Amino acid sequence: MTRKRKTEHFLIDGYNMVFAWDKLRTQAEHSLCDARDKLIDALADYQGASGNAVTVVFDAHKVKGGPGSLVAAAGVSVIYTKEGETADNLIESLAAVLSRDCVVRVVTSDYTEQIVSFGKVAFRMSAGEFAREIAAQKHSIREAYMGRRTAKGNLLIDNLDKDTAQMLENMRRSQQ
């Protein structure tokens, strides 16, 4: 009997990721909202290419009366914690629940969070490592695409298969 491969679920500490990733940190200096959106877009691309589930958690524990929220953005689960709840606490809880059914990878550079996550049968990855993994995946996809592209000219005839090109050439010659 073959064992079914367990799916992977990435739990991302959102603000930790924003401030660990140079291009997002620079964006956050101007607009934290735009940096969050760019992170979510990058995570959606990663999720689509890898097939792994992704949940990003943003701290909103200091928002007075904040009820917390869960939304889906481009297929990524985006959670804003409620007042008094930190992203670290929520990620710990989610890791414990999700680890029953899938391999959980917690992405954070918070050392305490990493230690707690190991105890809950989750694997740890620093935000910097994950940023490099996303960049490598993007590069790999670009290389694969560029490798499939042909260096043909702009003429229609240059972009046709041999049989179709020959058929059109024969038609052209018969009309002369």
# chains A, B, ... in the order shown; residues from 1 in each chain; ligands from 1
call {"tool": "residues_around", "arguments": {"residues": "Asp34 in chain A", "least_positions_apart": "6", "cutoff": "9 Å", "atoms": "only C-alpha atoms", "output": "VMD selection string"}}
result
chain A and resid 24 27 to 28
call {"tool": "residues_around", "arguments": {"residues": "Ala49 in chain A", "least_positions_apart": "3", "cutoff": "10 Å", "atoms": "only C-alpha atoms", "output": "list in words"}}
result
Leu43, Ala44, Asp45, Tyr46, Asn52, Ile134, Gln137, Lys138 and Ile141 of chain A
call {"tool": "residues_around", "arguments": {"residues": "range 97-113 of chain A", "least_positions_apart": "6", "cutoff": "8 Å", "atoms": "only C-alpha atoms", "output": "PyMOL selection string"}}
result
chain A and resi 6-13+16-17+20+88+91+120-128+130
call {"tool": "residues_around", "arguments": {"residues": "range 65-79 of chain A", "least_positions_apart": "2", "cutoff": "6 Å", "atoms": "only C-alpha atoms", "output": "PyMOL selection string"}}
result
chain A and resi 44+54-57+63+81-83
call {"tool": "write_last_selection", "arguments": {"atoms": "all heavy atoms", "output": "PDB file, in the first residue's frame"}}
result
ATOM      1  N   ALA A  44       0.164  34.309  -2.832  1.00  0.00           N
ATOM      2  CA  ALA A  44      -0.791  33.687  -3.760  1.00  0.00           C
ATOM      3  C   ALA A  44      -0.051  33.033  -4.923  1.00  0.00           C
ATOM      4  O   ALA A  44      -0.387  31.916  -5.332  1.00  0.00           O
ATOM      5  CB  ALA A  44      -1.787  34.722  -4.266  1.00  0.00           C
ATOM      6  N   VAL A  54      -1.598  28.184   2.145  1.00  0.00           N
ATOM      7  CA  VAL A  54      -0.917  29.289   2.803  1.00  0.00           C
ATOM      8  C   VAL A  54      -1.925  30.100   3.619  1.00  0.00           C
ATOM      9  O   VAL A  54      -2.979  30.465   3.120  1.00  0.00           O
ATOM     10  CB  VAL A  54      -0.218  30.218   1.777  1.00  0.00           C
ATOM     11  CG1 VAL A  54       0.386  31.431   2.465  1.00  0.00           C
ATOM     12  CG2 VAL A  54       0.853  29.458   1.005  1.00  0.00           C
ATOM     13  N   THR A  55      -1.557  30.347   4.868  1.00  0.00           N
ATOM     14  CA  THR A  55      -2.324  31.231   5.736  1.00  0.00           C
ATOM     15  C   THR A  55      -1.366  32.275   6.275  1.00  0.00           C
ATOM     16  O   THR A  55      -0.298  31.932   6.787  1.00  0.00           O
ATOM     17  CB  THR A  55      -2.953  30.461   6.922  1.00  0.00           C
ATOM     18  OG1 THR A  55      -3.839  29.457   6.407  1.00  0.00           O
ATOM     19  CG2 THR A  55      -3.726  31.397   7.847  1.00  0.00           C
ATOM     20  N   VAL A  56      -1.733  33.545   6.145  1.00  0.00           N
ATOM     21  CA  VAL A  56      -0.907  34.627   6.684  1.00  0.00           C
ATOM     22  C   VAL A  56      -1.698  35.284   7.811  1.00  0.00           C
ATOM     23  O   VAL A  56      -2.892  35.529   7.691  1.00  0.00           O
ATOM     24  CB  VAL A  56      -0.484  35.634   5.588  1.00  0.00           C
ATOM     25  CG1 VAL A  56      -1.673  36.302   4.930  1.00  0.00           C
ATOM     26  CG2 VAL A  56       0.480  36.672   6.143  1.00  0.00           C
ATOM     27  N   VAL A  57      -0.995  35.517   8.934  1.00  0.00           N
ATOM     28  CA  VAL A  57      -1.634  36.094  10.118  1.00  0.00           C
ATOM     29  C   VAL A  57      -0.985  37.435  10.419  1.00  0.00           C
ATOM     30  O   VAL A  57       0.236  37.528  10.554  1.00  0.00           O
ATOM     31  CB  VAL A  57      -1.495  35.152  11.339  1.00  0.00           C
ATOM     32  CG1 VAL A  57      -2.183  35.750  12.561  1.00  0.00           C
ATOM     33  CG2 VAL A  57      -2.065  33.769  11.028  1.00  0.00           C
ATOM     34  N   VAL A  63      -5.634  46.886  18.163  1.00  0.00           N
ATOM     35  CA  VAL A  63      -6.762  47.615  17.590  1.00  0.00           C
ATOM     36  C   VAL A  63      -7.920  47.542  18.578  1.00  0.00           C
ATOM     37  O   VAL A  63      -8.453  46.460  18.844  1.00  0.00           O
ATOM     38  CB  VAL A  63      -7.177  47.028  16.217  1.00  0.00           C
ATOM     39  CG1 VAL A  63      -8.410  47.713  15.680  1.00  0.00           C
ATOM     40  CG2 VAL A  63      -6.018  47.101  15.230  1.00  0.00           C
ATOM     41  N   THR A  81      -5.793  39.254  13.678  1.00  0.00           N
ATOM     42  CA  THR A  81      -6.153  38.814  15.020  1.00  0.00           C
ATOM     43  C   THR A  81      -7.125  39.804  15.662  1.00  0.00           C
ATOM     44  O   THR A  81      -7.230  40.958  15.254  1.00  0.00           O
ATOM     45  CB  THR A  81      -4.904  38.683  15.918  1.00  0.00           C
ATOM     46  OG1 THR A  81      -4.288  39.968  16.061  1.00  0.00           O
ATOM     47  CG2 THR A  81      -3.924  37.676  15.351  1.00  0.00           C
ATOM     48  N   LYS A  82      -7.817  39.334  16.673  1.00  0.00           N
ATOM     49  CA  LYS A  82      -8.739  40.219  17.400  1.00  0.00           C
ATOM     50  C   LYS A  82      -7.975  40.974  18.487  1.00  0.00           C
ATOM     51  O   LYS A  82      -6.809  40.657  18.776  1.00  0.00           O
ATOM     52  CB  LYS A  82      -9.881  39.408  18.003  1.00  0.00           C
ATOM     53  CG  LYS A  82      -9.446  38.372  19.009  1.00  0.00           C
ATOM     54  CD  LYS A  82     -10.615  37.521  19.446  1.00  0.00           C
ATOM     55  CE  LYS A  82     -10.123  36.415  20.368  1.00  0.00           C
ATOM     56  NZ  LYS A  82     -11.154  35.469  20.678  1.00  0.00           N
ATOM     57  N   GLU A  83      -8.628  41.943  19.084  1.00  0.00           N
ATOM     58  CA  GLU A  83      -8.010  42.728  20.147  1.00  0.00           C
ATOM     59  C   GLU A  83      -7.513  41.789  21.249  1.00  0.00           C
ATOM     60  O   GLU A  83      -8.217  40.874  21.669  1.00  0.00           O
ATOM     61  CB  GLU A  83      -9.011  43.722  20.745  1.00  0.00           C
ATOM     62  CG  GLU A  83      -8.421  44.571  21.855  1.00  0.00           C
ATOM     63  CD  GLU A  83      -9.439  45.518  22.485  1.00  0.00           C
ATOM     64  OE1 GLU A  83     -10.634  45.415  22.192  1.00  0.00           O
ATOM     65  OE2 GLU A  83      -9.004  46.360  23.283  1.00  0.00           O
TER      66      GLU A  83
END
call {"tool": "select_by_dssp", "arguments": {"residues": "chain A", "states": "strand (DSSP E or B)", "output": "PDB file with C-alpha atoms, in the first residue's frame"}}
result
ATOM      1  CA  GLU A   8       1.833  21.111   3.512  1.00  0.00           C
ATOM      2  CA  HIS A   9       0.344  24.178   5.121  1.00  0.00           C
ATOM      3  CA  PHE A  10       2.420  27.323   5.567  1.00  0.00           C
ATOM      4  CA  LEU A  11       1.515  29.582   8.492  1.00  0.00           C
ATOM      5  CA  ILE A  12       3.103  32.980   7.942  1.00  0.00           C
ATOM      6  CA  ASP A  13       3.632  35.660  10.583  1.00  0.00           C
ATOM      7  CA  ALA A  53      -1.902  25.883   1.440  1.00  0.00           C
ATOM      8  CA  VAL A  54      -0.917  29.289   2.803  1.00  0.00           C
ATOM      9  CA  THR A  55      -2.324  31.231   5.736  1.00  0.00           C
ATOM     10  CA  VAL A  56      -0.907  34.627   6.684  1.00  0.00           C
ATOM     11  CA  VAL A  57      -1.634  36.094  10.118  1.00  0.00           C
ATOM     12  CA  PHE A  58      -1.364  39.808  10.858  1.00  0.00           C
ATOM     13  CA  SER A  69     -11.260  38.666  10.666  1.00  0.00           C
ATOM     14  CA  LEU A  70     -10.596  35.905   8.193  1.00  0.00           C
ATOM     15  CA  VAL A  71     -10.716  36.640   4.490  1.00  0.00           C
ATOM     16  CA  ALA A  72      -9.551  34.864   1.376  1.00  0.00           C
ATOM     17  CA  ALA A  73      -7.408  36.947  -0.948  1.00  0.00           C
ATOM     18  CA  VAL A  76      -4.630  32.777   0.497  1.00  0.00           C
ATOM     19  CA  SER A  77      -6.268  32.735   3.933  1.00  0.00           C
ATOM     20  CA  VAL A  78      -5.615  36.129   5.531  1.00  0.00           C
ATOM     21  CA  ILE A  79      -6.280  36.462   9.251  1.00  0.00           C
ATOM     22  CA  TYR A  80      -6.237  39.637  11.320  1.00  0.00           C
ATOM     23  CA  VAL A 103       2.697  19.034   7.555  1.00  0.00           C
ATOM     24  CA  VAL A 104       2.791  22.516   9.071  1.00  0.00           C
ATOM     25  CA  ARG A 105       5.562  24.986   8.330  1.00  0.00           C
ATOM     26  CA  VAL A 106       5.622  28.085  10.492  1.00  0.00           C
ATOM     27  CA  VAL A 107       7.340  31.027   8.843  1.00  0.00           C
ATOM     28  CA  ALA A 122       5.424  22.067  13.107  1.00  0.00           C
ATOM     29  CA  PHE A 123       8.536  22.796  11.134  1.00  0.00           C
ATOM     30  CA  ARG A 124      10.124  26.195  11.345  1.00  0.00           C
ATOM     31  CA  MET A 125      11.392  28.411   8.589  1.00  0.00           C
TER      32      MET A 125
END
call {"tool": "atom_distance", "arguments": {"atom1": "CA of Tyr15 in chain A", "atom2": "CA of Glu133 in chain A"}}
result
17.8 Å
call {"tool": "atom_distance", "arguments": {"atom1": "CA of Asp22 in chain A", "atom2": "CA of Asp37 in chain A"}}
result
15.1 Å
call {"tool": "select_by_dssp", "arguments": {"residues": "chain A", "states": "alpha helix (DSSP H)", "output": "ChimeraX atom specification"}}
result
/A:14-20,22-30,32-50,87-98,111-119,127-148,162-174
